[in-house]
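**Q** This is start.csv (CSV, C-alpha atoms).
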```
chain,number,residue,atom,x,y,z
A,1,MET,CA,35.3,67.6,127.1
A,2,LEU,CA,38.2,69.0,125.2
A,3,SER,CA,41.1,70.4,127.3
A,4,ALA,CA,41.6,74.1,127.6
A,5,THR,CA,44.9,73.7,125.7
A,6,SER,CA,43.5,71.8,122.8
A,7,ALA,CA,40.2,73.7,122.3
A,8,PRO,CA,41.6,76.8,120.6
A,9,VAL,CA,43.9,74.7,118.4
A,10,ILE,CA,41.0,72.6,117.2
A,11,GLU,CA,38.8,75.7,116.6
A,12,ALA,CA,41.6,77.3,114.6
A,13,THR,CA,42.5,74.3,112.5
A,14,LEU,CA,39.0,72.8,112.0
A,15,PRO,CA,38.3,74.9,108.7
A,16,VAL,CA,41.6,73.6,107.2
A,17,VAL,CA,41.0,70.0,108.2
A,18,GLY,CA,37.4,70.3,106.9
A,19,GLU,CA,38.7,71.5,103.5
A,20,HIS,CA,41.0,68.5,103.2
A,21,LEU,CA,38.7,65.8,104.7
A,22,ASP,CA,38.4,63.8,101.5
A,23,ALA,CA,42.1,63.8,100.9
A,24,ILE,CA,42.8,62.8,104.6
A,25,THR,CA,40.4,59.9,104.5
A,26,GLY,CA,41.6,58.8,101.1
A,27,VAL,CA,45.2,58.6,102.4
A,28,PHE,CA,43.9,57.0,105.6
A,29,TYR,CA,42.1,54.2,103.9
A,30,ASP,CA,44.7,53.6,101.2
A,31,THR,CA,47.5,53.3,103.8
A,32,MET,CA,45.7,51.3,106.4
A,33,LEU,CA,44.1,48.8,104.0
A,34,GLY,CA,47.3,48.6,101.9
A,35,GLU,CA,49.4,47.6,105.0
A,36,ASN,CA,46.6,45.5,106.6
A,37,PRO,CA,44.7,43.8,103.8
A,38,GLY,CA,42.9,41.6,106.3
A,39,LEU,CA,40.8,44.6,107.3
A,40,LEU,CA,39.1,44.5,103.9
A,41,ASP,CA,36.8,41.9,105.6
A,42,LEU,CA,35.4,44.8,107.7
A,43,PHE,CA,34.8,47.2,104.8
A,44,SER,CA,32.3,47.1,101.9
A,45,ARG,CA,34.3,46.8,98.6
A,46,SER,CA,31.4,48.5,96.8
A,47,GLY,CA,31.4,51.3,99.4
A,48,GLN,CA,35.2,51.7,98.8
A,49,ALA,CA,34.7,51.7,95.0
A,50,THR,CA,32.2,54.5,95.2
A,51,GLY,CA,33.9,56.5,97.9
A,52,GLU,CA,30.7,56.4,100.0
A,53,GLN,CA,32.4,54.8,103.1
A,54,ARG,CA,35.3,57.2,103.0
A,55,GLY,CA,32.8,60.1,103.1
A,56,ALA,CA,31.1,58.6,106.1
A,57,LEU,CA,34.3,58.6,108.1
A,58,ALA,CA,35.1,62.2,107.1
A,59,GLY,CA,31.7,63.3,108.2
A,60,ALA,CA,32.0,61.6,111.6
A,61,VAL,CA,35.4,63.1,112.3
A,62,ALA,CA,34.2,66.6,111.3
A,63,ALA,CA,31.0,66.3,113.3
A,64,PHE,CA,32.8,65.4,116.5
A,65,ALA,CA,35.5,68.0,116.3
A,66,SER,CA,32.8,70.7,115.5
A,67,HIS,CA,30.7,69.4,118.4
A,68,LEU,CA,33.6,69.7,120.8
A,69,VAL,CA,34.2,73.4,120.0
A,70,GLY,CA,30.5,74.3,119.9
A,71,ALA,CA,30.3,74.7,116.1
A,72,GLY,CA,27.6,72.0,115.8
A,73,PRO,CA,25.8,69.7,115.9
A,74,ASP,CA,24.1,70.2,119.3
A,75,PRO,CA,24.6,67.6,122.0
A,76,ALA,CA,21.3,65.8,121.3
A,77,VAL,CA,21.9,65.5,117.6
A,78,PHE,CA,25.5,64.4,118.2
A,79,GLY,CA,24.3,61.8,120.7
A,80,HIS,CA,22.2,60.4,117.9
A,81,ILE,CA,25.2,60.2,115.6
A,82,VAL,CA,27.3,58.4,118.2
A,83,GLU,CA,24.5,55.9,118.9
A,84,ARG,CA,24.1,55.2,115.2
A,85,ILE,CA,27.8,54.6,114.7
A,86,ALA,CA,28.1,52.4,117.8
A,87,GLN,CA,25.2,50.3,116.7
A,88,ARG,CA,26.8,49.8,113.3
A,89,HIS,CA,30.2,49.0,114.8
A,90,CYS,CA,28.7,46.3,117.0
A,91,ALA,CA,26.9,44.8,113.9
A,92,LEU,CA,30.4,44.6,112.2
A,93,GLY,CA,32.1,43.1,115.2
A,94,VAL,CA,34.4,46.0,115.9
A,95,ARG,CA,36.6,45.5,119.0
A,96,PRO,CA,38.2,48.1,121.3
A,97,GLU,CA,41.7,47.1,120.4
A,98,GLN,CA,41.1,48.1,116.7
A,99,TYR,CA,40.7,51.8,117.7
A,100,ALA,CA,44.4,52.2,118.4
A,101,MET,CA,45.4,51.1,114.9
A,102,VAL,CA,42.7,53.3,113.3
A,103,GLY,CA,43.8,56.3,115.3
A,104,ARG,CA,47.5,55.8,114.3
A,105,TYR,CA,46.7,55.7,110.6
A,106,LEU,CA,44.1,58.5,110.7
A,107,LEU,CA,46.5,60.9,112.5
A,108,GLY,CA,49.3,59.8,110.1
A,109,ALA,CA,47.0,60.8,107.2
A,110,VAL,CA,46.4,64.2,108.7
A,111,ARG,CA,50.2,64.8,108.9
A,112,MET,CA,50.8,63.5,105.4
A,113,VAL,CA,48.1,65.7,103.8
A,114,LEU,CA,48.7,68.9,105.8
A,115,GLY,CA,52.4,68.6,106.1
A,116,ASP,CA,54.3,71.3,108.1
A,117,ALA,CA,51.0,72.8,109.3
A,118,VAL,CA,50.7,69.9,111.7
A,119,THR,CA,52.9,71.2,114.5
A,120,PRO,CA,53.3,69.1,117.7
A,121,ALA,CA,50.5,71.2,119.3
A,122,VAL,CA,48.2,70.5,116.4
A,123,ALA,CA,49.0,66.8,116.4
A,124,ALA,CA,48.4,66.5,120.1
A,125,ALA,CA,45.0,68.4,119.9
A,126,TRP,CA,43.7,66.1,117.1
A,127,ASP,CA,45.0,63.1,118.9
A,128,GLU,CA,42.9,64.2,121.9
A,129,VAL,CA,39.8,64.6,119.7
A,130,TYR,CA,40.2,61.2,118.3
A,131,TRP,CA,40.6,59.4,121.7
A,132,LEU,CA,37.7,61.3,123.2
A,133,PHE,CA,35.6,60.1,120.3
A,134,ALA,CA,37.0,56.6,120.5
A,135,ALA,CA,36.4,56.4,124.3
A,136,ARG,CA,32.8,57.4,123.9
A,137,LEU,CA,32.2,54.8,121.2
A,138,ILE,CA,34.1,52.0,123.0
A,139,GLY,CA,32.0,52.6,126.1
A,140,ARG,CA,28.7,52.5,124.3
A,141,GLU,CA,29.7,49.5,122.2
A,142,ALA,CA,30.7,47.5,125.3
A,143,ARG,CA,27.2,48.1,126.8
A,144,LEU,CA,25.6,47.0,123.5
A,145,TYR,CA,27.6,43.8,123.3
A,146,ALA,CA,26.7,43.0,126.9
A,147,GLU,CA,23.0,43.6,126.3
A,148,ALA,CA,23.2,41.3,123.2
A,149,GLY,CA,25.0,38.6,125.2
A,150,VAL,CA,28.2,38.8,123.1
A,151,ASN,CA,31.4,37.6,124.8
A,152,ASP,CA,34.3,36.8,122.5
A,153,ASP,CA,32.6,35.8,119.2
A,154,PRO,CA,30.2,38.4,117.8
A,155,TRP,CA,28.8,36.0,115.2
A,156,LEU,CA,25.9,33.6,115.3
A,157,GLU,CA,25.5,30.5,113.2
A,158,VAL,CA,22.0,30.2,111.6
A,159,ALA,CA,20.3,27.9,109.2
A,160,VAL,CA,18.1,28.9,106.3
A,161,VAL,CA,14.7,27.2,106.9
A,162,SER,CA,13.0,28.7,103.9
A,163,ARG,CA,13.6,31.0,101.0
A,164,VAL,CA,10.7,33.0,99.4
A,165,THR,CA,10.7,35.2,96.3
A,166,GLU,CA,9.1,38.5,97.2
A,167,ALA,CA,9.5,40.4,93.9
A,168,CYS,CA,11.4,40.1,90.6
A,169,ASP,CA,14.7,40.9,92.2
A,170,THR,CA,14.0,40.4,96.0
A,171,VAL,CA,14.2,37.3,98.1
A,172,SER,CA,13.4,36.6,101.8
A,173,PHE,CA,15.4,34.2,104.0
A,174,VAL,CA,13.9,32.8,107.2
A,175,LEU,CA,16.7,31.9,109.7
A,176,VAL,CA,17.0,30.0,113.0
A,177,PRO,CA,20.1,29.4,115.2
A,178,THR,CA,21.8,26.1,114.4
A,179,ASP,CA,22.4,25.3,118.1
A,180,GLY,CA,18.6,24.9,118.6
A,181,GLY,CA,18.5,27.9,120.9
A,182,PRO,CA,16.0,30.8,120.6
A,183,ALA,CA,16.4,33.5,118.0
A,184,PRO,CA,17.9,36.6,119.4
A,185,VAL,CA,15.5,39.2,120.8
A,186,PHE,CA,15.2,42.3,118.8
A,187,ARG,CA,13.1,45.5,118.3
A,188,PRO,CA,11.1,46.3,115.2
A,189,GLY,CA,13.4,48.3,112.9
A,190,GLN,CA,16.7,46.7,113.8
A,191,TYR,CA,19.0,44.8,111.4
A,192,VAL,CA,21.6,42.0,111.4
A,193,THR,CA,24.9,41.8,109.5
A,194,VAL,CA,25.5,38.8,107.2
A,195,ALA,CA,29.1,37.7,107.1
A,196,ALA,CA,29.5,36.1,103.7
A,197,ASP,CA,32.6,34.1,102.8
A,198,LEU,CA,32.9,34.7,99.1
A,199,PRO,CA,35.1,32.4,96.9
A,200,GLY,CA,38.3,34.4,96.0
A,201,GLN,CA,37.0,37.6,97.6
A,202,GLY,CA,37.3,36.9,101.3
A,203,ARG,CA,34.7,37.8,103.9
A,204,GLN,CA,32.2,40.6,103.2
A,205,LEU,CA,29.8,42.1,105.7
A,206,ARG,CA,26.4,43.6,104.8
A,207,GLN,CA,23.5,44.8,107.0
A,208,TYR,CA,20.0,43.7,106.3
A,209,SER,CA,16.9,44.9,108.2
A,210,LEU,CA,14.8,42.2,109.9
A,211,SER,CA,11.6,42.2,107.9
A,212,GLN,CA,9.2,40.6,110.4
A,213,ALA,CA,8.1,41.3,113.9
A,214,PRO,CA,10.0,39.8,116.9
A,215,ALA,CA,7.8,36.7,117.4
A,216,GLY,CA,7.7,33.1,116.3
A,217,GLY,CA,11.3,32.2,117.1
A,218,THR,CA,12.8,33.0,113.7
A,219,LEU,CA,14.5,35.9,112.0
A,220,ARG,CA,13.7,37.1,108.4
A,221,ILE,CA,15.8,39.2,106.1
A,222,THR,CA,14.7,40.4,102.7
A,223,VAL,CA,17.4,41.0,100.2
A,224,ARG,CA,17.2,43.0,96.9
A,225,ARG,CA,19.9,42.1,94.3
A,226,VAL,CA,22.0,45.2,93.9
A,227,ARG,CA,22.8,46.1,90.3
A,228,GLY,CA,25.8,48.4,89.8
A,229,SER,CA,25.4,51.6,87.8
A,230,GLY,CA,27.6,54.6,87.0
A,231,GLY,CA,30.7,52.5,87.3
A,232,ALA,CA,29.8,51.0,90.7
A,233,PRO,CA,30.1,47.2,90.9
A,234,ASP,CA,27.2,44.8,91.4
A,235,GLY,CA,26.4,44.0,95.0
A,236,VAL,CA,28.6,40.9,95.7
A,237,VAL,CA,26.9,39.8,98.9
A,238,SER,CA,23.3,40.3,97.6
A,239,GLY,CA,24.4,38.4,94.4
A,240,PHE,CA,25.9,35.6,96.5
A,241,LEU,CA,22.7,35.3,98.6
A,242,HIS,CA,20.4,35.3,95.5
A,243,ASP,CA,22.5,32.8,93.5
A,244,HIS,CA,23.9,30.4,96.1
A,245,VAL,CA,21.9,30.4,99.4
A,246,HIS,CA,18.9,28.1,99.7
A,247,ALA,CA,16.9,26.3,102.4
A,248,GLY,CA,19.2,24.0,104.4
A,249,ASP,CA,22.3,26.3,103.9
A,250,GLN,CA,24.0,28.0,106.8
A,251,LEU,CA,25.0,31.6,107.4
A,252,ARG,CA,26.9,33.6,110.0
A,253,ILE,CA,25.1,36.7,111.2
A,254,SER,CA,25.5,39.3,114.0
A,255,ARG,CA,23.0,39.8,116.8
A,256,PRO,CA,20.4,42.4,115.9
A,257,TYR,CA,21.4,46.1,116.3
A,258,GLY,CA,20.2,49.5,115.1
A,259,ASP,CA,18.7,52.7,116.5
A,260,LEU,CA,15.7,53.1,114.2
A,261,VAL,CA,13.4,51.3,116.5
A,262,LEU,CA,9.6,51.6,116.9
A,263,ARG,CA,8.6,53.6,120.0
A,264,ASP,CA,5.8,52.0,122.0
A,265,THR,CA,3.2,54.8,121.9
A,266,ASP,CA,-0.4,55.4,120.7
A,267,ALA,CA,0.5,58.3,118.5
A,268,PRO,CA,-0.7,57.9,114.8
A,269,LEU,CA,2.1,56.2,112.9
A,270,VAL,CA,3.3,57.0,109.4
A,271,LEU,CA,5.7,54.4,107.8
A,272,ILE,CA,7.3,55.7,104.6
A,273,SER,CA,9.7,53.7,102.4
A,274,ALA,CA,11.2,53.4,99.0
A,275,GLY,CA,12.5,50.2,97.4
A,276,VAL,CA,13.9,47.7,99.8
A,277,GLY,CA,13.6,50.3,102.5
A,278,ILE,CA,10.2,48.7,103.1
A,279,THR,CA,11.8,45.9,105.2
A,280,PRO,CA,12.0,47.6,108.6
A,281,MET,CA,8.6,49.2,108.0
A,282,VAL,CA,6.9,45.8,107.5
A,283,ALA,CA,8.4,44.6,110.8
A,284,MET,CA,7.0,47.7,112.6
A,285,LEU,CA,3.6,47.3,110.9
A,286,GLU,CA,3.3,43.7,111.9
A,287,HIS,CA,4.4,44.5,115.5
A,288,VAL,CA,1.7,47.2,115.8
A,289,ALA,CA,-0.9,44.9,114.3
A,290,ARG,CA,-0.2,42.3,117.0
A,291,THR,CA,0.2,44.6,120.0
A,292,ARG,CA,-1.7,47.8,119.3
A,293,PRO,CA,-4.4,47.1,116.7
A,294,THR,CA,-6.3,50.3,117.6
A,295,ARG,CA,-3.3,52.5,116.6
A,296,GLU,CA,-3.8,54.5,113.4
A,297,VAL,CA,-1.2,53.6,110.8
A,298,THR,CA,-0.4,54.9,107.4
A,299,ALA,CA,2.0,53.0,105.1
A,300,VAL,CA,3.5,54.9,102.2
A,301,HIS,CA,5.8,53.1,99.6
A,302,ALA,CA,7.5,54.1,96.4
A,303,ASP,CA,9.0,51.7,93.9
A,304,ARG,CA,9.9,51.5,90.3
A,305,SER,CA,7.1,49.2,89.2
A,306,PRO,CA,4.5,46.7,90.7
A,307,ASP,CA,6.7,43.7,90.0
A,308,ARG,CA,9.6,45.2,92.0
A,309,HIS,CA,7.4,46.0,95.0
A,310,PRO,CA,8.5,43.5,97.8
A,311,LEU,CA,6.3,42.4,100.8
A,312,ARG,CA,3.2,44.2,99.6
A,313,ALA,CA,1.1,41.1,100.5
A,314,ASP,CA,2.5,41.4,104.1
A,315,VAL,CA,1.5,45.0,104.3
A,316,ARG,CA,-2.1,44.2,103.3
A,317,ILE,CA,-2.4,41.3,105.7
A,318,HIS,CA,-1.0,43.2,108.7
A,319,GLY,CA,-2.9,46.4,107.7
A,320,SER,CA,-6.2,44.4,107.6
A,321,ARG,CA,-5.8,43.7,111.4
A,322,LEU,CA,-5.7,47.4,112.3
A,323,ARG,CA,-8.8,49.5,113.1
A,324,THR,CA,-7.5,52.4,111.0
A,325,PHE,CA,-5.1,51.8,108.1
A,326,HIS,CA,-4.2,53.8,105.0
A,327,ASP,CA,-2.0,52.2,102.3
A,328,LEU,CA,-0.5,54.6,99.7
A,329,VAL,CA,1.7,53.4,96.9
A,330,TRP,CA,3.6,55.3,94.1
A,331,TYR,CA,5.2,53.6,91.1
A,332,GLU,CA,7.5,55.3,88.5
A,333,GLN,CA,6.1,52.8,86.0
A,334,PRO,CA,2.6,52.0,87.2
A,335,ALA,CA,1.4,49.9,84.3
A,336,GLY,CA,-1.4,47.5,85.5
A,337,ALA,CA,-1.5,49.1,89.0
A,338,ALA,CA,-5.0,50.7,89.4
A,339,ASP,CA,-4.5,51.1,93.1
A,340,ALA,CA,-1.3,53.2,93.0
A,341,TYR,CA,-0.3,56.7,92.1
A,342,ALA,CA,2.1,57.4,89.2
A,343,GLY,CA,5.4,59.1,89.6
A,344,ARG,CA,7.1,60.1,92.8
A,345,PRO,CA,5.4,60.4,96.2
A,346,ASP,CA,3.7,63.7,97.0
A,347,PRO,CA,4.1,64.4,100.8
A,348,ASP,CA,0.9,66.6,100.6
A,349,LEU,CA,-1.2,63.5,99.9
A,350,ILE,CA,-0.1,61.6,103.0
A,351,PRO,CA,-2.6,61.7,105.8
A,352,LEU,CA,-0.8,63.5,108.6
A,353,HIS,CA,-2.2,63.9,112.1
A,354,PRO,CA,-0.5,66.8,114.1
A,355,ASP,CA,0.8,64.3,116.7
A,356,ALA,CA,1.9,61.7,114.2
A,357,GLU,CA,5.3,59.9,114.4
A,358,ALA,CA,6.9,59.2,111.0
A,359,TYR,CA,9.6,56.6,110.2
A,360,LEU,CA,11.4,56.8,106.9
A,361,CYS,CA,13.7,54.4,105.1
A,362,GLY,CA,15.2,54.6,101.6
A,363,PRO,CA,17.8,56.3,99.4
A,364,VAL,CA,19.1,59.7,100.5
A,365,PRO,CA,17.3,61.9,97.9
A,366,PHE,CA,14.0,60.2,98.7
A,367,MET,CA,14.6,60.8,102.4
A,368,GLN,CA,15.5,64.5,101.9
A,369,MET,CA,12.3,65.1,99.8
A,370,ILE,CA,9.9,63.4,102.1
A,371,ARG,CA,11.5,64.9,105.3
A,372,ALA,CA,11.3,68.4,103.8
A,373,GLY,CA,7.6,67.8,102.9
A,374,LEU,CA,6.7,66.6,106.4
A,375,GLN,CA,8.5,69.5,108.0
A,376,ARG,CA,6.7,71.9,105.6
A,377,ARG,CA,3.4,70.5,106.8
A,378,GLY,CA,4.4,71.1,110.5
A,379,LEU,CA,5.7,67.8,111.7
A,380,PRO,CA,8.7,68.6,114.0
A,381,ASP,CA,12.1,67.0,113.7
A,382,GLU,CA,11.7,65.0,116.8
A,383,ARG,CA,8.8,63.1,115.3
A,384,ILE,CA,10.6,62.2,112.1
A,385,ARG,CA,13.0,59.2,112.4
A,386,TYR,CA,14.8,57.7,109.5
A,387,GLU,CA,17.2,55.0,108.3
A,388,VAL,CA,19.4,55.6,105.2
A,389,PHE,CA,20.5,52.5,103.3
A,390,GLY,CA,24.1,53.6,102.7
A,391,SER,CA,26.4,56.1,104.5
A,392,GLU,CA,24.8,59.2,105.8
A,393,GLN,CA,27.2,62.2,105.6
A,394,TRP,CA,27.3,65.3,107.7
A,395,ARG,CA,29.6,68.2,107.1
A,396,PRO,CA,29.9,71.4,109.2
A,397,ALA,CA,29.2,74.7,107.7
A,398,PRO,CA,32.4,76.7,107.0
A,399,ARG,CA,33.4,78.9,109.9
A,400,PRO,CA,34.3,82.5,109.1
A,401,VAL,CA,38.0,83.2,109.4
A,402,PRO,CA,38.7,86.2,111.7
A,403,ALA,CA,40.0,89.2,110.0
```
As a first step, turn the structure in this file into structure tokens.
**A**
Amino acid sequence: MLSATSAPVIEATLPVVGEHLDAITGVFYDTMLGENPGLLDLFSRSGQATGEQRGALAGAVAAFASHLVGAGPDPAVFGHIVERIAQRHCALGVRPEQYAMVGRYLLGAVRMVLGDAVTPAVAAAWDEVYWLFAARLIGREARLYAEAGVNDDPWLEVAVVSRVTEACDTVSFVLVPTDGGPAPVFRPGQYVTVAADLPGQGRQLRQYSLSQAPAGGTLRITVRRVRGSGGAPDGVVSGFLHDHVHAGDQLRISRPYGDLVLRDTDAPLVLISAGVGITPMVAMLEHVARTRPTREVTAVHADRSPDRHPLRADVRIHGSRLRTFHDLVWYEQPAGAADAYAGRPDPDLIPLHPDAEAYLCGPVPFMQMIRAGLQRRGLPDERIRYEVFGSEQWRPAPRPVPA
């Protein structure tokens, strides 16, 4: 809880900070990474190039400050935001001691951008906000590390036992620990981070969903090659995996993390994905087929064309083991696909039981369109869960300035 001294300061300065969030986070990243280039190993270079990662930090800071002064989001929603950030931090190997440096550079950026407006009282209030946020994350991350059995080294050495082409630009890698031990336990919907040491580019970290159910003693990730567009670079890690990693090679990965996990209920299940967002949905589908074959499941997928649709054979195999299964597919270019719709998915065509639980994964515009359609049809927010591939941003609505 924010102190009585700091609360009115934060409430008064939040609109100004909100207006300058992009500038503040730009100065923060440029200064911190410029003076500590080793930290580039923790950050996506493509995310930095597009500004996506900077926007994610701005959204998190604004959300927490707004939450503390009652401007939103509500405690339940913000708890979800904190959980998602903590899961991602553990997947990146973030350690408690790094928070002090981040806080120093972040508050320095606030002072640099806002200048004389940052009085000692304002600086102290925002410092309090930051450390309340950091303490909450550090505590949750410590518990997640303990549950995953992580001590000092957050990384696990694994060997590639097989590589399978899933679509024209998508490949699966089946992994086992090199020490002969069991594969880490995980829940359907979680992901691992791959730590790729790239020649001349240092270490780069990327998250990939586990695309099979937690059984059989192996882990599987399914990677689509990322092609840059609009000035963004190609995906360096996906390109490295596609071009250089084969059966017999070794990788370093995190333990599994992620908060988009399948709930163990009998409610009708709707799994909706676009592109490589199908990966966690296939893991959920396989798990349900193995453990609850009487559960009603609908799988909905959107892709550019049939040759770019990964893991469709897996969907059909797992779906055939269910008593009630619906498989709906949309292609933007449906040539040769008689069993698919053309164009973009129509939420009104998705079979939807009033008690259904929906899981969504894909690009942000796709998520927004599908979620709005499900809400329009009466499915409440608490029954719609989603994972966005990329940084999800949240910004508070502007607060009115008192006359």
**Q** Listing only residues of stretch 52-142 of chain A within 12 Å of stretch 168-192 of chain A, what is the closest atom pair and its distance in Å (to one decimal) for each, using all atoms listed in the file, sorted by chain and residue number ascending, as a tab-separated table?
**A**
```
residue	atom	partner	partner_atom	distance
A:Arg84	CA	A:Gln190	CA	11.4
A:Gln87	CA	A:Gln190	CA	9.7
A:Arg88	CA	A:Tyr191	CA	9.5
A:His89	CA	A:Val192	CA	11.6
A:Cys90	CA	A:Val192	CA	10.0
A:Ala91	CA	A:Val192	CA	6.5
A:Leu92	CA	A:Val192	CA	9.2
A:Gly93	CA	A:Val192	CA	11.2
```
**Q** Residues around (4.5, 56.9, 87.3), cut-off 8 Å, counting all atoms listed in the file - what are they as a list in words?
**A**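 With a cut-off of 8 Å, the residues come to Trp330, Tyr331, Glu332, Gln333, Pro334, Tyr341, Ala342, Gly343 and Arg344 of chain A.
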**Q** Just write the chosen residues, C-alpha atoms, as a PDB file, in the coordinates of the input.
**A**
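Done, and the output landed in result-v8.pdb:
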```
ATOM      1  CA  TRP A 330       3.600  55.300  94.100  1.00  0.00           C
ATOM      2  CA  TYR A 331       5.200  53.600  91.100  1.00  0.00           C
ATOM      3  CA  GLU A 332       7.500  55.300  88.500  1.00  0.00           C
ATOM      4  CA  GLN A 333       6.100  52.800  86.000  1.00  0.00           C
ATOM      5  CA  PRO A 334       2.600  52.000  87.200  1.00  0.00           C
ATOM      6  CA  TYR A 341      -0.300  56.700  92.100  1.00  0.00           C
ATOM      7  CA  ALA A 342       2.100  57.400  89.200  1.00  0.00           C
ATOM      8  CA  GLY A 343       5.400  59.100  89.600  1.00  0.00           C
ATOM      9  CA  ARG A 344       7.100  60.100  92.800  1.00  0.00           C
TER      10      ARG A 344
END
```
**Q** To one decimal place, how far is atom CA of A:Ala4 from atom CA of A:Ala125 in Å?
**A**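 Separation of atom CA of A:Ala4 and atom CA of A:Ala125: 10.2 Å.
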**Q** Could you list, as a PyMOL selection string, every residue within 10 Å of A:Leu379, counting all atoms listed in the file and ignoring same-chain residues fewer than 2 positions away?
**A** chain A and resi 352-358+371-377+381-384
**Q** Would you write out those residues with C-alpha atoms, as a short mmCIF file (atom, residue, chain, number, x, y, z; two decimals), in the frame of the given file?
**A**
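What follows is the written file again_5.cif:
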```cif
data_model
loop_
_atom_site.label_atom_id
_atom_site.label_comp_id
_atom_site.auth_asym_id
_atom_site.auth_seq_id
_atom_site.Cartn_x
_atom_site.Cartn_y
_atom_site.Cartn_z
CA LEU A 352 -0.80 63.50 108.60
CA HIS A 353 -2.20 63.90 112.10
CA PRO A 354 -0.50 66.80 114.10
CA ASP A 355 0.80 64.30 116.70
CA ALA A 356 1.90 61.70 114.20
CA GLU A 357 5.30 59.90 114.40
CA ALA A 358 6.90 59.20 111.00
CA ARG A 371 11.50 64.90 105.30
CA ALA A 372 11.30 68.40 103.80
CA GLY A 373 7.60 67.80 102.90
CA LEU A 374 6.70 66.60 106.40
CA GLN A 375 8.50 69.50 108.00
CA ARG A 376 6.70 71.90 105.60
CA ARG A 377 3.40 70.50 106.80
CA ASP A 381 12.10 67.00 113.70
CA GLU A 382 11.70 65.00 116.80
CA ARG A 383 8.80 63.10 115.30
CA ILE A 384 10.60 62.20 112.10
#
```
**Q** Looking at only C-alpha atoms, which of A:Ala148, A:Val164, A:Val236, A:Ala71 is the one that sits closest to A:Pro199?
**A**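 For A:Pro199, the nearest of the given residues is A:Val236.
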**Q** In Å to one decimal, how far is atom CA of A:Arg385 from atom CA of A:Val77?
**A**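 If I compute the distance from atom CA of A:Val77 to atom CA of A:Arg385, I get 12.1 Å.
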**Q** Please report the interatomic distance between atom CA of A:Gly115 and atom CA of A:Ile24 in Å with one decimal.
**A** 11.3 Å
**Q** Return the single residue from A:Arg252, A:His326, A:Arg308, A:His301 that is closest to A:Cys361, with distances computed using all atoms listed in the file.
**A**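 Using all atoms listed in the file, the shortest distance to A:Cys361 belongs to A:His301.
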**Q** Residues at most 12 Å from A:Val69, counting all atoms listed in the file, excluding those fewer than 2 positions away in the same chain, as a PyMOL selection string?
**A** chain A and resi 1-4+6-14+62-67+71-75+125+129+396+399
**Q** Need to verify the contact set: A:Glu166, 12 Å, all atoms listed in the file, exclusion of same-chain residues closer than 2 positions in sequence. Can you return it as a PyMOL selection string?
**A** chain A and resi 163-164+168-173+211+221-225+242+276+278-279+306-314
**Q** Any idea what's packed within 12 Å of A:Ala146, counting all atoms listed in the file, ignoring anything in its chain fewer than 6 positions away? Could you give it as an mmCIF file with C-alpha atoms, in the frame of the given file?
**A**
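Output file around_24.cif is given in full below:
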```cif
data_model
loop_
_atom_site.group_PDB
_atom_site.id
_atom_site.type_symbol
_atom_site.label_atom_id
_atom_site.label_comp_id
_atom_site.auth_asym_id
_atom_site.auth_seq_id
_atom_site.Cartn_x
_atom_site.Cartn_y
_atom_site.Cartn_z
ATOM 1 C CA CYS A 90 28.700 46.300 117.000
ATOM 2 C CA GLY A 139 32.000 52.600 126.100
ATOM 3 C CA ARG A 140 28.700 52.500 124.300
ATOM 4 C CA ASP A 152 34.300 36.800 122.500
ATOM 5 C CA PRO A 154 30.200 38.400 117.800
ATOM 6 C CA ARG A 255 23.000 39.800 116.800
#
```
**Q** From the set A:Asp197, A:Asp127, A:Pro268, A:Gly275, which residue has the shortest atom-to-atom contact distance to A:Leu241, counting only C-alpha atoms?
**A** A:Asp197
**Q** Between A:Pro120, A:Gly18, A:Gly239, A:Gly79, which is the closest to A:Ala196 once you count only C-alpha atoms?
**A**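 Of all the options, A:Gly239 lies closest to A:Ala196.
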**Q** Near A:Ala195, within 12 Å and counting all atoms listed in the file, which residues show up once chain neighbours fewer than 2 positions away are dropped, as an MDAnalysis selection string?
**A** chainID A and resid 41:44 91:93 154:158 192:193 197:198 202:208 236:238 240:241 250:255
**Q** From the block I gave, I'd like stretch 218-238 of chain A written with C-alpha atoms, as a compact mmCIF listing (two decimals), in the first residue's frame.
**A**
```
# COMPACT_ATOMS: atom_id res chain seq x y z
CA THR A 218 10.33 -35.00 -23.55
CA LEU A 219 9.65 -31.34 -24.32
CA ARG A 220 8.64 -30.05 -27.74
CA ILE A 221 8.79 -26.52 -29.09
CA THR A 222 7.45 -25.49 -32.49
CA VAL A 223 9.15 -22.49 -34.09
CA ARG A 224 7.94 -20.39 -37.00
CA ARG A 225 10.64 -18.45 -38.84
CA VAL A 226 10.00 -14.74 -38.25
CA ARG A 227 10.28 -12.59 -41.36
CA GLY A 228 10.76 -8.88 -40.73
CA SER A 229 8.36 -6.38 -42.26
CA GLY A 230 7.83 -2.65 -42.06
CA GLY A 231 11.47 -2.03 -41.22
CA ALA A 232 11.62 -4.64 -38.46
CA PRO A 233 14.49 -7.16 -38.70
CA ASP A 234 14.06 -10.88 -39.28
CA GLY A 235 13.83 -12.99 -36.15
CA VAL A 236 17.45 -13.79 -35.30
CA VAL A 237 16.68 -16.65 -32.92
CA SER A 238 14.03 -18.31 -35.08
```
